[in-house]
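Shown below: query_29.txt, with compact mmCIF, C-alpha atoms.
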# COMPACT_ATOMS: atom_id res chain seq x y z
CA SER M 1 -11.97 -16.40 -29.97
CA GLY M 2 -12.58 -13.47 -27.61
CA ARG M 3 -15.96 -12.67 -26.18
CA PRO M 4 -17.86 -9.38 -26.60
CA VAL M 5 -17.73 -6.79 -23.86
CA LYS M 6 -21.11 -7.81 -22.38
CA ASP M 7 -19.81 -11.38 -21.89
CA VAL M 8 -16.67 -10.07 -20.18
CA SER M 9 -18.92 -8.06 -17.85
CA LYS M 10 -21.01 -11.16 -17.12
CA GLN M 11 -17.88 -13.20 -16.39
CA ASN M 12 -16.63 -10.40 -14.16
CA ALA M 13 -19.87 -10.42 -12.17
CA ASN M 14 -19.49 -14.16 -11.62
CA SER M 15 -15.86 -13.64 -10.56
CA LEU M 16 -16.88 -11.03 -8.00
CA LYS M 17 -19.36 -13.52 -6.52
CA THR M 18 -16.53 -16.05 -6.32
CA HIS M 19 -14.50 -13.47 -4.38
CA LYS M 20 -17.15 -13.36 -1.72
CA GLU M 21 -16.60 -17.08 -1.23
CA ASN M 22 -12.78 -17.35 -1.36
CA ASN M 23 -10.03 -15.95 0.83
CA LEU M 24 -7.25 -15.61 -1.75
CA PRO M 25 -7.27 -14.81 -5.49
CA GLN M 26 -5.26 -17.93 -6.38
CA ASP M 27 -6.06 -21.41 -5.11
CA GLY M 28 -3.22 -23.13 -3.24
CA THR M 29 -0.46 -20.79 -4.40
CA THR M 30 1.35 -17.80 -2.91
CA VAL M 31 0.01 -14.41 -3.97
CA ASP M 32 2.84 -12.06 -4.98
CA VAL M 33 2.06 -8.48 -3.93
CA LYS M 34 4.33 -5.65 -5.07
CA PHE M 35 4.14 -2.68 -2.72
CA GLY M 36 5.35 0.90 -2.98
CA VAL M 37 4.59 4.27 -1.39
CA THR M 38 4.51 7.76 -2.88
CA LEU M 39 5.11 10.51 -0.31
CA GLN M 40 3.18 13.64 -1.26
CA TYR M 41 3.63 15.93 1.74
CA ILE M 42 4.67 16.02 5.39
CA GLU M 43 2.01 18.04 7.19
CA ASP M 44 3.16 17.86 10.79
CA VAL M 45 6.03 16.64 12.96
CA ASP M 46 4.69 16.68 16.51
CA ILE M 47 7.51 16.41 19.04
CA VAL M 48 5.16 16.44 22.04
CA LYS M 49 2.83 13.73 20.74
CA GLN M 50 5.71 11.82 19.11
CA SER M 51 3.85 11.56 15.82
CA LEU M 52 4.26 12.20 12.10
CA THR M 53 1.41 13.23 9.80
CA GLY M 54 1.75 12.94 6.05
CA TYR M 55 -0.08 12.39 2.77
CA TYR M 56 0.68 9.11 1.00
CA TRP M 57 -0.31 7.11 -2.06
CA LEU M 58 0.07 3.38 -1.60
CA ASN M 59 0.74 1.38 -4.76
CA LEU M 60 -0.19 -2.31 -4.72
CA LYS M 61 -0.03 -4.75 -7.64
CA TRP M 62 -0.92 -8.45 -7.79
CA THR M 63 -2.52 -11.03 -10.07
CA ASP M 64 -6.02 -12.41 -9.54
CA GLU M 65 -6.76 -15.46 -11.67
CA TYR M 66 -10.50 -15.06 -11.06
CA LEU M 67 -10.48 -11.67 -12.83
CA SER M 68 -8.74 -12.65 -16.09
CA TRP M 69 -10.45 -13.00 -19.48
CA ASP M 70 -9.70 -13.80 -23.12
CA ASP M 71 -8.90 -10.58 -25.01
CA THR M 72 -7.65 -12.08 -28.27
CA ASP M 73 -10.67 -10.63 -30.07
CA GLY M 74 -10.10 -6.97 -30.87
CA GLN M 75 -13.62 -6.12 -29.68
CA VAL M 76 -12.90 -7.18 -26.10
CA LEU M 77 -11.71 -4.69 -23.46
CA LYS M 78 -8.05 -4.84 -22.45
CA ASP M 79 -8.71 -3.40 -18.99
CA ILE M 80 -11.61 -2.48 -16.73
CA ARG M 81 -12.23 -0.43 -13.57
CA LEU M 82 -13.88 -2.02 -10.55
CA ARG M 83 -14.88 -0.85 -7.10
CA ALA M 84 -12.18 -1.88 -4.65
CA GLU M 85 -14.80 -3.10 -2.18
CA ASP M 86 -16.03 -5.72 -4.66
CA ILE M 87 -12.82 -7.76 -4.97
CA TRP M 88 -10.20 -9.39 -2.80
CA LEU M 89 -7.63 -6.85 -1.57
CA PRO M 90 -4.33 -7.41 0.26
CA ASP M 91 -4.86 -6.52 3.92
CA ILE M 92 -1.74 -4.36 4.11
CA GLU M 93 -1.86 -2.05 7.12
CA LEU M 94 0.52 0.39 8.79
CA TYR M 95 1.45 -1.29 12.07
CA ASN M 96 2.38 1.94 13.89
CA MET M 97 -0.60 3.95 12.68
CA LEU M 98 -2.44 6.32 15.03
CA LYS M 99 -5.01 7.67 12.59
CA ARG M 100 -5.90 7.30 8.91
CA GLU M 101 -8.15 9.40 6.68
CA ASP M 102 -9.17 8.15 3.24
CA LEU M 103 -8.62 10.91 0.65
CA ARG M 104 -10.63 9.28 -2.14
CA THR M 105 -14.43 9.44 -2.33
CA ARG M 106 -14.58 6.33 -4.52
CA ASP M 107 -11.85 3.71 -4.30
CA THR M 108 -11.30 1.82 -7.57
CA VAL M 109 -8.85 -0.69 -9.02
CA VAL M 110 -7.63 -1.25 -12.58
CA VAL M 111 -7.77 -4.86 -13.83
CA THR M 112 -6.20 -6.03 -17.10
CA SER M 113 -7.19 -9.10 -19.09
CA ASP M 114 -4.40 -11.26 -17.66
CA GLY M 115 -5.77 -10.70 -14.13
CA SER M 116 -3.22 -8.06 -13.11
CA VAL M 117 -4.70 -5.70 -10.51
CA THR M 118 -3.42 -2.22 -9.63
CA TRP M 119 -4.77 -0.46 -6.54
CA ILE M 120 -3.58 3.01 -5.47
CA PRO M 121 -5.40 4.17 -2.32
CA SER M 122 -4.60 7.65 -1.02
CA TYR M 123 -4.45 8.43 2.69
CA LYS M 124 -3.62 11.08 5.24
CA ILE M 125 -1.83 9.10 7.95
CA THR M 126 -0.65 9.96 11.43
CA SER M 127 1.92 7.47 12.71
CA LEU M 128 3.90 6.94 15.89
CA CYS M 129 7.48 8.19 15.79
CA THR M 130 10.04 8.15 18.60
CA MET M 131 11.88 11.48 18.50
CA ASP M 132 15.03 12.81 20.13
CA THR M 133 15.50 16.58 20.53
CA THR M 134 18.89 16.43 22.26
CA SER M 135 20.48 18.39 19.38
CA TYR M 136 17.66 20.93 19.07
CA PRO M 137 17.42 23.12 17.00
CA PHE M 138 19.85 21.20 14.78
CA ASP M 139 18.12 17.87 15.24
CA GLU M 140 17.29 15.17 12.74
CA GLN M 141 14.39 12.77 13.20
CA THR M 142 13.86 9.37 11.62
CA CYS M 143 10.31 8.06 11.52
CA GLU M 144 9.69 4.49 10.43
CA LEU M 145 6.52 3.41 8.67
CA LYS M 146 6.12 -0.37 8.88
CA PHE M 147 3.53 -2.03 6.62
CA GLY M 148 2.42 -5.65 6.59
CA SER M 149 -0.46 -8.11 6.53
CA TRP M 150 -2.57 -8.75 9.62
CA VAL M 151 -3.77 -12.14 8.41
CA TYR M 152 -1.40 -13.78 5.90
CA ASP M 153 2.08 -15.17 6.49
CA GLY M 154 4.79 -15.13 3.83
CA LEU M 155 3.78 -18.53 2.43
CA LYS M 156 0.34 -17.17 1.53
CA MET M 157 1.27 -13.60 0.59
CA ASN M 158 4.74 -12.70 -0.69
CA LEU M 159 5.12 -8.97 -0.02
CA THR M 160 7.93 -7.32 -2.00
CA LEU M 161 9.12 -3.76 -2.55
CA THR M 162 8.52 -2.01 -5.86
CA ASP M 163 11.57 0.18 -5.20
CA ASP M 164 14.18 0.65 -2.47
CA SER M 165 12.75 4.05 -1.53
CA MET M 166 9.48 5.94 -1.41
CA ASP M 167 8.59 7.72 -4.65
CA LEU M 168 9.44 11.39 -4.04
CA GLY M 169 8.80 12.65 -7.59
CA THR M 170 5.76 14.71 -6.59
CA TYR M 171 6.80 15.57 -3.03
CA VAL M 172 5.91 19.09 -1.82
CA SER M 173 8.46 20.52 0.61
CA ASN M 174 7.67 21.33 4.23
CA SER M 175 8.74 24.79 5.42
CA ASP M 176 10.07 23.53 8.77
CA TRP M 177 11.58 20.14 7.91
CA GLU M 178 13.90 19.10 5.10
CA LEU M 179 13.27 15.61 3.73
CA VAL M 180 16.67 13.90 3.67
CA SER M 181 15.63 10.41 2.52
CA ALA M 182 12.87 7.81 2.64
CA ALA M 183 14.59 4.48 2.19
CA GLY M 184 12.64 1.22 2.16
CA LYS M 185 13.49 -2.30 3.30
CA ARG M 186 11.74 -5.67 3.22
CA ASN M 187 11.97 -7.62 6.48
CA THR M 188 11.47 -11.33 7.18
CA VAL M 189 10.81 -12.66 10.67
CA VAL M 190 10.62 -16.34 11.65
CA TYR M 191 9.41 -17.20 15.14
CA GLU M 192 10.49 -20.29 17.10
CA CYS M 193 6.93 -21.53 17.33
CA CYS M 194 6.16 -21.50 13.63
CA PRO M 195 7.90 -22.53 10.39
CA GLU M 196 6.27 -19.90 8.17
CA PRO M 197 7.97 -16.49 7.63
CA TYR M 198 6.22 -13.21 8.41
CA LEU M 199 6.97 -10.31 6.09
CA ASP M 200 6.80 -6.55 6.44
CA VAL M 201 8.02 -3.50 4.56
CA GLY M 202 9.54 -0.56 6.41
CA PHE M 203 10.31 2.96 5.23
CA ASP M 204 12.60 5.28 7.21
CA ILE M 205 11.60 8.90 6.65
CA LYS M 206 14.62 10.98 7.65
CA LEU M 207 13.93 14.66 8.38
CA ARG M 208 16.24 17.54 9.25
CA ARG M 209 14.89 20.61 11.07
CA ILE M 210 15.19 23.87 9.12
CA VAL M 211 16.58 26.67 11.26
CA HIS M 212 14.89 29.95 10.35
Same coordinates, now as structure tokens:
Amino acid sequence: SGRPVKDVSKQNANSLKTHKENNLPQDGTTVDVKFGVTLQYIEDVDIVKQSLTGYYWLNLKWTDEYLSWDDTDGQVLKDIRLRAEDIWLPDIELYNMLKREDLRTRDTVVVTSDGSVTWIPSYKITSLCTMDTTSYPFDEQTCELKFGSWVYDGLKMNLTLTDDSMDLGTYVSNSDWELVSAAGKRNTVVYECCPEPYLDVGFDIKLRRIVH
């Protein structure tokens, strides 16, 4: 039978302690992390500094066996909210990042009874972008954002794309640059020295200058 809410909370507290003592949320198995990006707004395309500044929501989903509980009793919660800092998080970083500003005052995750975790951090990010103005003022620029783990190879963390493009459903247009596309691709690299694969996810933000 399911346990009352207070017992779920007690179990959760014990699970958080376990997280302080373990590196991965599943013992001896690969952690599957689904990754997507929502592009909210392009603030600046800096030709001189070769950089792109935008507002992004990252969307990460995975399963943590330490955070699951029995919800068969109707009195038990189906999902809970936790502080992101209290649990294991995938160390997904933007490799070509110059600067990042956290846009949330309190970063939380949603955990369901089967251990599924959803984390949606929101950032203002400035990234490196190699630009070519040969065709100015009719130029197009493509800026790649490449995300991946600093610590885990593909045998420990399987990073996959949620979709083959950034989510542009809430994108706010820039007055100087038209957003042409923001396609995504999952990349696998194997080095001669090592048998394990290394994974990353890249998004190509293609922009076309608006001639006023």
Do you know which residues lie at most 8 Å from (12.2, 15.2, 21.9), with coordinates as in the file and all atoms listed in the file counted, and could you write them as a short mmCIF file (atom, residue, chain, number, x, y, z; two decimals) with C-alpha atoms, in the frame of the given file?
data_model
loop_
_atom_site.label_atom_id
_atom_site.label_comp_id
_atom_site.auth_asym_id
_atom_site.auth_seq_id
_atom_site.Cartn_x
_atom_site.Cartn_y
_atom_site.Cartn_z
CA ILE M 47 7.51 16.41 19.04
CA VAL M 48 5.16 16.44 22.04
CA GLN M 50 5.71 11.82 19.11
CA MET M 131 11.88 11.48 18.50
CA ASP M 132 15.03 12.81 20.13
CA THR M 133 15.50 16.58 20.53
CA THR M 134 18.89 16.43 22.26
#
Find the distance between atom CA of M:Tyr66 and atom CA of M:Glu85 and write it in Å to one decimal.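 Distance between the two atoms: 15.5 Å.
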I need the residue nearest M:Val37 from this list: M:Cys193, M:Ala84, M:Ile210, M:Leu58. Use all atoms listed in the file for the distance. M:Leu58
Got a sec: who's within 9 Å of stretch 91-100 of chain M, counting all atoms listed in the file, leaving out chain neighbours fewer than 5 positions off, as an NGL selection string? :M and (51 or 53 or 123-129 or 144-152)
So what do you get for atom CA of M:Tyr191 versus atom CA of M:Val31, distance-wise?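 Interatomic distance, atom CA of M:Tyr191 to atom CA of M:Val31: 21.5 Å.
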If you count only C-alpha atoms, which residues fall within 9 Å of M:Val180, apart from same-chain ones fewer than 3 positions away, as a PyMOL selection string? chain M and resi 205-208
Write the residues you've just listed into a file as a compact mmCIF listing (two decimals), keeping the file's coordinate frame, and include C-alpha atoms for each of them.
# COMPACT_ATOMS: atom_id res chain seq x y z
CA ILE M 205 11.60 8.90 6.65
CA LYS M 206 14.62 10.98 7.65
CA LEU M 207 13.93 14.66 8.38
CA ARG M 208 16.24 17.54 9.25
So that I can see what lies close to M:Pro90, please list as JSON, numbers by chain the residues with an atom at most 12 Å from it, counting all atoms listed in the file and leaving out residues fewer than 6 positions away in the same chain. {"M": [23, 24, 25, 31, 32, 33, 34, 35, 58, 59, 60, 61, 62, 63, 64, 84, 117, 118, 119, 120, 121, 147, 148, 149, 150, 151, 152, 153, 156, 157, 158, 159]}
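Across M:Leu155, M:Val211, M:Leu82, M:Leu39, the tightest approach to M:Glu140 is made by M:Val211 when counting only C-alpha atoms.
Atom CA of M:Asp163 is found 27.8 Å from atom CA of M:Pro195.
You can rank M:Val201, M:Leu52, M:Ala182, M:Ile80 by their closest distance to M:Leu168 using all atoms listed in the file, and at the top of that list sits M:Ala182.
Compared by their closest atoms to M:Val76, and using all atoms listed in the file, the residues M:Asp107, M:Thr112, M:Thr142, M:Val190 rank with M:Thr112 nearest.
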Counting all atoms listed in the file, the residue among M:Glu101, M:Asp73, M:Lys49, M:Gly154 that lies closest to M:Glu196 is M:Gly154
For M:Tyr56, which residue out of M:Thr170, M:Thr29, M:Asn187, M:Thr72 is the nearest one, using only C-alpha atoms? M:Thr170
